[in-house]
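Have a look at input23.cif below; it lists mmCIF, C-alpha atoms (C1' of nucleotides).
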data_data
#
loop_
_atom_site.label_atom_id
_atom_site.label_comp_id
_atom_site.auth_asym_id
_atom_site.auth_seq_id
_atom_site.Cartn_x
_atom_site.Cartn_y
_atom_site.Cartn_z
CA MET H 21 -50.87 4.62 39.39
CA PRO H 22 -48.57 4.26 36.41
CA VAL H 23 -48.60 1.02 34.50
CA GLN H 24 -44.83 0.68 34.61
CA GLN H 25 -44.93 0.26 38.37
CA ASN H 26 -45.19 -3.51 37.99
CA THR H 27 -42.08 -3.91 35.87
CA ALA H 28 -39.89 -5.37 38.58
CA LEU H 29 -42.55 -7.82 39.67
CA LEU H 30 -43.35 -8.95 36.17
CA ASP H 31 -39.74 -9.79 35.56
CA ASP H 32 -39.75 -12.51 38.16
CA ILE H 33 -42.98 -14.27 37.34
CA GLU H 34 -42.77 -17.97 37.89
CA LEU H 35 -44.56 -20.01 35.29
CA ASN H 36 -47.11 -22.52 36.41
CA THR H 37 -45.70 -25.99 36.20
CA ALA H 38 -47.41 -28.08 38.85
CA THR H 39 -50.81 -26.39 38.97
CA SER H 40 -53.63 -28.38 37.42
CA SER H 41 -54.88 -26.97 34.15
CA ILE H 42 -58.23 -27.47 32.50
CA LEU H 43 -56.27 -28.77 29.52
CA ASP H 44 -55.31 -31.76 31.67
CA GLU H 45 -58.99 -32.57 32.19
CA LEU H 46 -59.77 -32.69 28.47
CA ILE H 47 -59.40 -36.04 26.76
CA GLY H 48 -59.26 -34.24 23.42
CA TYR H 49 -56.16 -32.33 24.45
CA SER H 50 -54.36 -35.41 25.78
CA LEU H 51 -55.27 -37.27 22.61
CA LYS H 52 -53.55 -34.57 20.60
CA ARG H 53 -50.40 -34.62 22.73
CA ALA H 54 -50.25 -38.40 22.71
CA HIS H 55 -50.74 -38.49 18.95
CA ILE H 56 -47.91 -36.02 18.38
CA HIS H 57 -45.69 -38.05 20.70
CA VAL H 58 -46.35 -41.41 19.03
CA ASN H 59 -46.30 -40.13 15.46
CA LYS H 60 -42.89 -38.49 15.64
CA SER H 61 -41.02 -41.76 15.15
CA LEU H 62 -43.41 -42.98 12.45
CA ILE H 63 -43.06 -39.75 10.47
CA GLY H 64 -39.28 -40.05 10.63
CA LYS H 65 -39.30 -43.65 9.48
CA LEU H 66 -41.78 -43.10 6.63
CA GLY H 67 -39.79 -40.05 5.56
CA GLU H 68 -36.97 -42.37 4.50
CA HIS H 69 -39.36 -43.61 1.80
CA ASP H 70 -40.66 -40.10 0.98
CA LEU H 71 -44.04 -41.03 2.46
CA ARG H 72 -46.42 -39.47 4.97
CA PRO H 73 -48.60 -41.34 7.49
CA SER H 74 -51.77 -40.81 5.41
CA GLN H 75 -50.01 -42.26 2.37
CA PHE H 76 -48.96 -45.30 4.35
CA ALA H 77 -52.55 -45.75 5.53
CA ALA H 78 -53.70 -45.53 1.92
CA LEU H 79 -51.28 -48.27 0.87
CA VAL H 80 -52.70 -50.48 3.61
CA VAL H 81 -56.31 -49.85 2.62
CA ILE H 82 -55.62 -50.42 -1.09
CA SER H 83 -53.75 -53.62 -0.31
CA GLU H 84 -56.69 -54.92 1.71
CA SER H 85 -59.30 -53.98 -0.92
CA PRO H 86 -57.57 -54.06 -4.30
CA GLY H 87 -59.63 -52.47 -7.05
CA LEU H 88 -61.56 -50.17 -4.76
CA THR H 89 -62.64 -46.79 -6.13
CA GLN H 90 -61.30 -43.40 -5.06
CA ALA H 91 -64.60 -42.74 -3.32
CA ASP H 92 -64.19 -45.98 -1.34
CA LEU H 93 -60.64 -45.04 -0.40
CA GLY H 94 -61.62 -41.55 0.73
CA GLY H 95 -64.44 -42.98 2.78
CA GLN H 96 -62.14 -45.35 4.64
CA LEU H 97 -59.47 -42.71 5.25
CA LEU H 98 -62.01 -40.01 6.15
CA ILE H 99 -60.68 -37.63 3.50
CA GLU H 100 -62.42 -35.67 0.76
CA PRO H 101 -62.19 -36.48 -2.97
CA PRO H 102 -59.62 -33.75 -3.76
CA GLN H 103 -57.30 -35.15 -1.10
CA VAL H 104 -57.63 -38.61 -2.62
CA VAL H 105 -56.47 -37.19 -5.97
CA THR H 106 -53.33 -35.63 -4.43
CA LEU H 107 -52.60 -38.77 -2.46
CA LEU H 108 -52.93 -41.10 -5.46
CA ASN H 109 -50.92 -38.80 -7.72
CA LYS H 110 -48.09 -39.11 -5.20
CA LEU H 111 -48.36 -42.91 -4.90
CA GLU H 112 -48.45 -43.27 -8.70
CA LYS H 113 -45.45 -40.97 -9.06
CA LEU H 114 -43.55 -43.21 -6.63
CA GLY H 115 -44.64 -46.25 -8.63
CA LEU H 116 -46.41 -47.79 -5.65
CA ALA H 117 -50.04 -47.70 -6.83
CA MET H 118 -52.04 -47.16 -10.02
CA ARG H 119 -55.46 -46.18 -11.29
CA VAL H 120 -56.95 -48.71 -13.73
CA ARG H 121 -60.03 -48.06 -15.87
CA CYS H 122 -61.39 -51.53 -15.22
CA LYS H 123 -64.94 -50.79 -14.12
CA PRO H 124 -68.17 -50.93 -16.13
CA ASP H 125 -68.75 -47.39 -14.92
CA LYS H 126 -66.12 -45.62 -17.00
CA ARG H 127 -66.08 -42.61 -14.69
CA SER H 128 -64.38 -44.50 -11.90
CA TYR H 129 -61.02 -46.21 -11.50
CA GLY H 130 -60.03 -49.38 -9.71
CA ILE H 131 -57.05 -48.64 -7.49
CA PHE H 132 -54.30 -51.26 -7.16
CA LEU H 133 -50.84 -51.55 -5.67
CA SER H 134 -47.95 -52.30 -7.99
CA LYS H 135 -45.60 -55.19 -7.25
CA THR H 136 -43.20 -52.60 -5.86
CA GLY H 137 -46.01 -51.14 -3.80
CA GLU H 138 -46.75 -54.52 -2.22
CA GLN H 139 -43.06 -55.05 -1.46
CA VAL H 140 -42.56 -51.60 0.02
CA LEU H 141 -45.76 -51.96 2.05
CA GLY H 142 -44.39 -55.18 3.51
CA GLN H 143 -41.34 -53.32 4.79
CA LEU H 144 -43.41 -50.38 6.00
CA LYS H 145 -45.74 -52.59 8.05
CA THR H 146 -42.80 -53.92 10.04
CA ALA H 147 -41.37 -50.44 10.45
CA ALA H 148 -44.76 -49.10 11.58
CA ARG H 149 -45.15 -51.81 14.21
CA ASP H 150 -41.64 -51.04 15.47
CA THR H 151 -42.06 -47.28 15.65
CA ASP H 152 -45.48 -47.67 17.29
CA LEU H 153 -43.81 -49.70 20.05
CA GLU H 154 -41.01 -47.14 20.34
CA GLY H 155 -43.48 -44.26 20.60
CA THR H 156 -45.44 -46.05 23.33
CA ALA H 157 -42.37 -47.22 25.26
CA ASN H 158 -43.76 -45.60 28.43
CA LEU H 159 -46.57 -48.17 28.50
CA SER H 160 -46.51 -51.84 29.41
CA ASP H 161 -47.95 -54.44 27.05
CA ASP H 162 -51.09 -54.66 29.17
CA GLU H 163 -51.49 -50.89 29.13
CA ARG H 164 -51.11 -50.83 25.33
CA VAL H 165 -53.93 -53.37 25.02
CA GLN H 166 -56.14 -51.39 27.40
CA LEU H 167 -55.43 -48.12 25.60
CA LEU H 168 -56.16 -49.56 22.17
CA ALA H 169 -59.47 -51.00 23.40
CA LEU H 170 -60.51 -47.69 24.97
CA LEU H 171 -59.59 -45.71 21.85
CA LYS H 172 -61.58 -48.01 19.55
CA LYS H 173 -64.58 -47.93 21.86
CA LEU H 174 -64.29 -44.15 21.89
CA TYR H 175 -64.44 -43.54 18.15
CA ARG H 176 -66.28 -46.66 16.97
CA GLY H 177 -68.96 -46.66 19.63
CA MET O 25 -54.00 -63.33 -21.16
CA PRO O 26 -55.47 -59.89 -21.81
CA VAL O 27 -55.78 -57.49 -18.90
CA GLN O 28 -59.42 -56.73 -19.60
CA GLN O 29 -60.39 -60.30 -18.81
CA ASN O 30 -60.94 -59.42 -15.17
CA THR O 31 -63.38 -56.61 -15.82
CA ALA O 32 -66.50 -58.50 -14.77
CA LEU O 33 -64.87 -59.77 -11.60
CA LEU O 34 -63.46 -56.40 -10.60
CA ASP O 35 -66.89 -54.89 -10.79
CA ASP O 36 -68.15 -56.98 -7.94
CA ILE O 37 -65.29 -56.65 -5.48
CA GLU O 38 -66.43 -56.62 -1.90
CA LEU O 39 -64.52 -54.23 0.29
CA ASN O 40 -62.93 -55.55 3.42
CA THR O 41 -64.99 -54.60 6.41
CA ALA O 42 -64.47 -57.27 9.06
CA THR O 43 -60.89 -58.31 8.27
CA SER O 44 -58.30 -57.14 10.77
CA SER O 45 -55.99 -54.45 9.45
CA ILE O 46 -52.53 -53.52 10.61
CA LEU O 47 -53.94 -50.02 11.12
CA ASP O 48 -56.04 -51.47 13.95
CA GLU O 49 -52.87 -52.66 15.69
CA LEU O 50 -51.24 -49.22 15.68
CA ILE O 51 -51.91 -47.03 18.68
CA GLY O 52 -50.81 -44.02 16.62
CA TYR O 53 -53.58 -44.60 14.10
CA SER O 54 -56.28 -45.07 16.74
CA LEU O 55 -55.05 -41.93 18.50
CA LYS O 56 -55.58 -39.99 15.29
CA ARG O 57 -59.09 -41.35 14.73
CA ALA O 58 -60.06 -40.77 18.35
CA HIS O 59 -58.69 -37.23 18.24
CA ILE O 60 -60.66 -36.40 15.10
CA HIS O 61 -63.79 -37.87 16.71
CA VAL O 62 -63.50 -35.93 19.98
CA ASN O 63 -62.38 -32.65 18.44
CA LYS O 64 -65.29 -32.32 16.03
CA SER O 65 -67.64 -30.96 18.68
CA LEU O 66 -64.97 -28.71 20.22
CA ILE O 67 -64.12 -27.17 16.85
CA GLY O 68 -67.78 -26.47 16.23
CA LYS O 69 -68.26 -24.85 19.61
CA LEU O 70 -65.11 -22.70 19.45
CA GLY O 71 -66.06 -21.67 15.91
CA GLU O 72 -68.94 -19.69 17.38
CA HIS O 73 -66.27 -17.44 18.93
CA ASP O 74 -64.08 -17.42 15.78
CA LEU O 75 -61.47 -19.48 17.64
CA ARG O 76 -59.51 -22.65 16.92
CA PRO O 77 -58.50 -25.30 19.50
CA SER O 78 -54.89 -24.09 19.59
CA GLN O 79 -56.08 -20.55 20.29
CA PHE O 80 -58.25 -21.78 23.15
CA ALA O 81 -55.25 -23.67 24.56
CA ALA O 82 -53.20 -20.46 24.32
CA LEU O 83 -55.84 -18.52 26.28
CA VAL O 84 -55.68 -21.16 29.01
CA VAL O 85 -51.88 -21.10 29.20
CA ILE O 86 -51.73 -17.30 29.26
CA SER O 87 -54.39 -17.18 31.95
CA GLU O 88 -52.40 -19.60 34.09
CA SER O 89 -49.09 -17.76 33.61
CA PRO O 90 -49.91 -14.10 32.99
CA GLY O 91 -46.91 -12.15 31.73
CA LEU O 92 -45.17 -15.12 30.17
CA THR O 93 -43.06 -14.52 27.06
CA GLN O 94 -43.84 -15.73 23.56
CA ALA O 95 -41.01 -18.23 23.88
CA ASP O 96 -42.62 -19.57 27.08
CA LEU O 97 -45.99 -19.84 25.36
CA GLY O 98 -44.56 -21.61 22.34
CA GLY O 99 -42.73 -24.03 24.60
CA GLN O 100 -45.88 -24.99 26.47
CA LEU O 101 -47.97 -25.35 23.31
CA LEU O 102 -45.21 -27.18 21.42
CA ILE O 103 -45.29 -24.68 18.57
CA GLU O 104 -42.51 -22.68 16.87
CA PRO O 105 -41.97 -18.92 17.28
CA PRO O 106 -43.58 -17.97 13.95
CA GLN O 107 -46.75 -19.81 14.94
CA VAL O 108 -46.82 -17.93 18.23
CA VAL O 109 -46.78 -14.67 16.28
CA THR O 110 -49.75 -15.65 14.13
CA LEU O 111 -51.65 -16.96 17.15
CA LEU O 112 -51.12 -13.81 19.23
CA ASN O 113 -51.92 -11.51 16.31
CA LYS O 114 -55.29 -13.26 16.12
CA LEU O 115 -55.95 -13.07 19.88
CA GLU O 116 -55.00 -9.37 19.92
CA LYS O 117 -57.24 -8.69 16.92
CA LEU O 118 -60.12 -10.31 18.83
CA GLY O 119 -59.28 -8.18 21.86
CA LEU O 120 -58.70 -11.23 24.04
CA ALA O 121 -54.95 -10.89 24.76
CA MET O 122 -52.16 -8.37 24.47
CA ARG O 123 -48.39 -8.03 24.27
CA VAL O 124 -46.92 -5.66 26.86
CA ARG O 125 -43.34 -4.36 26.84
CA CYS O 126 -42.98 -4.83 30.56
CA LYS O 127 -39.76 -6.81 30.85
CA PRO O 128 -36.23 -5.61 31.65
CA ASP O 129 -35.23 -7.44 28.48
CA LYS O 130 -36.74 -5.06 25.94
CA ARG O 131 -36.70 -7.66 23.21
CA SER O 132 -39.46 -9.68 24.81
CA TYR O 133 -43.10 -9.07 25.66
CA GLY O 134 -45.18 -10.11 28.61
CA ILE O 135 -48.39 -11.70 27.36
CA PHE O 136 -51.64 -11.01 29.23
CA LEU O 137 -55.34 -11.65 28.78
CA SER O 138 -57.66 -8.66 28.59
CA LYS O 139 -60.69 -8.45 30.87
CA THR O 140 -62.75 -9.62 27.90
CA GLY O 141 -60.26 -12.44 27.36
CA GLU O 142 -60.72 -13.65 30.93
CA GLN O 143 -64.51 -13.49 30.60
CA VAL O 144 -64.59 -15.30 27.28
CA LEU O 145 -62.16 -17.92 28.58
CA GLY O 146 -64.51 -18.57 31.48
CA GLN O 147 -67.31 -19.41 29.06
CA LEU O 148 -65.02 -21.44 26.83
CA LYS O 149 -63.82 -23.62 29.70
CA THR O 150 -67.38 -24.71 30.44
CA ALA O 151 -68.05 -25.28 26.76
CA ALA O 152 -64.84 -27.31 26.40
CA ARG O 153 -65.73 -29.56 29.33
CA ASP O 154 -69.19 -30.12 27.83
CA THR O 155 -68.00 -30.90 24.32
CA ASP O 156 -65.26 -33.20 25.67
CA LEU O 157 -67.97 -35.20 27.44
CA GLU O 158 -70.12 -35.22 24.30
CA GLY O 159 -67.22 -36.42 22.17
CA THR O 160 -66.45 -39.25 24.60
CA ALA O 161 -70.06 -40.27 25.13
CA ASN O 162 -69.19 -43.87 24.18
CA LEU O 163 -67.13 -44.19 27.36
CA SER O 164 -68.22 -44.56 30.97
CA ASP O 165 -66.85 -42.21 33.62
CA ASP O 166 -64.45 -44.93 34.78
CA GLU O 167 -63.24 -45.50 31.26
CA ARG O 168 -62.64 -41.76 30.79
CA VAL O 169 -60.46 -41.73 33.90
CA GLN O 170 -58.52 -44.79 32.74
CA LEU O 171 -58.03 -43.35 29.26
CA LEU O 172 -56.81 -40.00 30.55
CA ALA O 173 -54.31 -41.71 32.85
CA LEU O 174 -52.99 -43.92 30.06
CA LEU O 175 -52.64 -40.99 27.66
CA LYS O 176 -50.71 -38.89 30.17
CA LYS O 177 -48.43 -41.78 31.01
CA LEU O 178 -47.88 -42.29 27.30
CA TYR O 179 -46.70 -38.78 26.45
CA ARG O 180 -45.34 -37.63 29.81
CA GLY O 181 -43.50 -40.79 30.72
"C1'" DT K 30 -21.84 -12.64 19.24
"C1'" DA K 31 -26.36 -14.49 20.90
"C1'" DT K 32 -31.29 -14.11 21.62
"C1'" DT K 33 -36.49 -12.40 21.04
"C1'" DG K 34 -39.55 -11.77 18.05
"C1'" DT K 35 -40.70 -11.02 13.14
"C1'" DT K 36 -41.13 -11.81 8.13
"C1'" DA K 37 -40.94 -14.66 4.23
"C1'" DT K 38 -41.46 -18.98 2.39
"C1'" DA K 39 -42.96 -23.66 1.69
"C1'" DC K 40 -45.24 -27.92 2.32
"C1'" DT K 41 -49.06 -30.58 4.39
"C1'" DC K 42 -53.83 -31.03 5.65
"C1'" DT K 43 -58.48 -29.75 5.21
"C1'" DA K 44 -62.64 -28.06 2.92
"C1'" DT K 45 -65.58 -26.02 -0.72
"C1'" DA K 46 -67.00 -24.65 -5.35
"C1'" DA K 47 -66.78 -25.30 -10.13
"C1'" DC K 48 -65.59 -28.09 -13.93
"C1'" DT K 49 -65.27 -32.82 -17.17
"C1'" DA K 50 -66.76 -36.98 -18.59
"C1'" DT K 51 -69.54 -40.33 -18.07
"C1'" DA K 52 -74.10 -42.35 -16.37
"C1'" DT C 26 -80.08 -34.84 -13.92
"C1'" DA C 27 -76.84 -37.03 -11.13
"C1'" DT C 28 -72.26 -39.03 -10.02
"C1'" DA C 29 -66.76 -39.95 -10.16
"C1'" DG C 30 -63.06 -37.69 -10.43
"C1'" DT C 31 -60.51 -33.33 -11.21
"C1'" DT C 32 -59.00 -28.52 -10.73
"C1'" DA C 33 -58.74 -24.26 -8.39
"C1'" DT C 34 -58.68 -21.98 -4.31
"C1'" DA C 35 -58.38 -20.84 0.47
"C1'" DG C 36 -57.56 -21.46 5.35
"C1'" DA C 37 -55.01 -23.73 9.13
"C1'" DG C 38 -50.93 -26.19 10.87
"C1'" DT C 39 -46.01 -26.97 10.70
"C1'" DA C 40 -41.13 -25.99 9.79
"C1'" DT C 41 -36.88 -23.46 8.33
"C1'" DA C 42 -34.09 -19.48 6.98
"C1'" DA C 43 -33.18 -14.70 7.23
"C1'" DC C 44 -33.80 -10.33 9.40
"C1'" DA C 45 -34.38 -6.31 13.10
"C1'" DA C 46 -33.87 -4.81 17.65
"C1'" DT C 47 -31.83 -5.70 21.83
"C1'" DA C 48 -28.72 -8.11 24.97
#
Written as structure tokens, that's how I'd like the structure from this file.
Amino acid sequence: MPVQQNTALLDDIELNTATSSILDELIGYSLKRAHIHVNKSLIGKLGEHDLRPSQFAALVVISESPGLTQADLGGQLLIEPPQVVTLLNKLEKLGLAMRVRCKPDKRSYGIFLSKTGEQVLGQLKTAARDTDLEGTANLSDDERVQLLALLKKLYRG
Amino acid sequence: MPVQQNTALLDDIELNTATSSILDELIGYSLKRAHIHVNKSLIGKLGEHDLRPSQFAALVVISESPGLTQADLGGQLLIEPPQVVTLLNKLEKLGLAMRVRCKPDKRSYGIFLSKTGEQVLGQLKTAARDTDLEGTANLSDDERVQLLALLKKLYRG
DNA sequence: TATTGTTATACTCTATAACTATA
DNA sequence: TATAGTTATAGAGTATAACAATA
């Protein structure tokens, strides 16, 4: 029979909405959706400072280990050396961080925050805590604690 | 005093390892780390079929709503129309899905899986379940159930 | 005039190979 | 020779504007 026979039927297909999908069984898929959901507000807030989430994370790590090398920073952020270069170029351009040739090994830099970087980071920490609460508004405080514990156990072992 | 005075000290900086970081307070950050952790094995497995996670998710959605439009698909996957085009071009090139002009509205397509697409999807579903378990091996079955419930509550409300 | 899908474009993220300067 | 950082490049993901065909 001709293919076009189904045209009328196909027009009135109802999309699955309630049916259970394999995607709903996969923790990986729900992690992605949840991450998108929570990060929306953070991205918006950081955007006011011309920063991305990874750049905020870098500021935090540098602040907690001033003088660390680019290799150290990449290791903590789980990014490759070329990404560290791009990231630091941006932070230096914004006047928030700097490379200093202060190591005996003249190939490497010590990475430090500027005074401005420390000040901005202070503001960003508060903003990040706020947006994280906003993005998880569907959870109670107890549920937030449970979720955080489960997530850390998941990826830290 | 001269800046270089600190050189010897800076050489022996110890990186923070145990100190608590604000990043560890943010659910958004832990979601990202957990997602990276769980998705590694899935990406590897899907790579054997020249597929990415988003393309696997598209196969699932199409299979569950055969004949849906590109706008429907993009809505379910939370991606924009141009991304749907790229995604479907890839699936058609692999012979897994196809656009069919079967709607009264001649501007739109109905999207369907091919026979091969259905068969491949069957294999991929099993593989996805396996790799999701592998990637969450640090959790017990109870903890997986709890985590999934918390994640869905988080992004679905 | 509005909508579906498409193209073009751009910016971010990610990853690898090749290069430099130091070690 | 090996390593720290850099450059070049390429692929994937994301987003917007502009366009064609159809409504």
To verify the selection step, state as a PDB file with C-alpha atoms, in the coordinates of the input which residues the PyMOL selection byres ((chain H) within 9 of (chain C)) yields on this input.
ATOM      1  CA  THR H  89     -62.640 -46.790  -6.130  1.00  0.00           C
ATOM      2  CA  GLN H  90     -61.300 -43.400  -5.060  1.00  0.00           C
ATOM      3  CA  ALA H  91     -64.600 -42.740  -3.320  1.00  0.00           C
ATOM      4  CA  PRO H 101     -62.190 -36.480  -2.970  1.00  0.00           C
ATOM      5  CA  PRO H 102     -59.620 -33.750  -3.760  1.00  0.00           C
ATOM      6  CA  VAL H 105     -56.470 -37.190  -5.970  1.00  0.00           C
ATOM      7  CA  LYS H 126     -66.120 -45.620 -17.000  1.00  0.00           C
ATOM      8  CA  ARG H 127     -66.080 -42.610 -14.690  1.00  0.00           C
ATOM      9  CA  SER H 128     -64.380 -44.500 -11.900  1.00  0.00           C
ATOM     10  CA  TYR H 129     -61.020 -46.210 -11.500  1.00  0.00           C
TER      11      TYR H 129
END
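What separates CA of Ile86 in chain O from CA of Tyr49 in chain H is a distance of 16.4 Å.
Near Ser45 in chain O, within 9 Å and counting all atoms listed in the file, sit Val80, Val81 and Glu84 of chain H; same-chain residues fewer than 5 positions away were not included.
In this model, the gap between CA of Leu174 in chain H and CA of Leu159 in chain H comes to 19.3 Å.
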Set the cut-off to 10 Å and count all atoms listed in the file: what are the residues of chain K that reach chain O? Output as number ranges by chain. K: 32-36
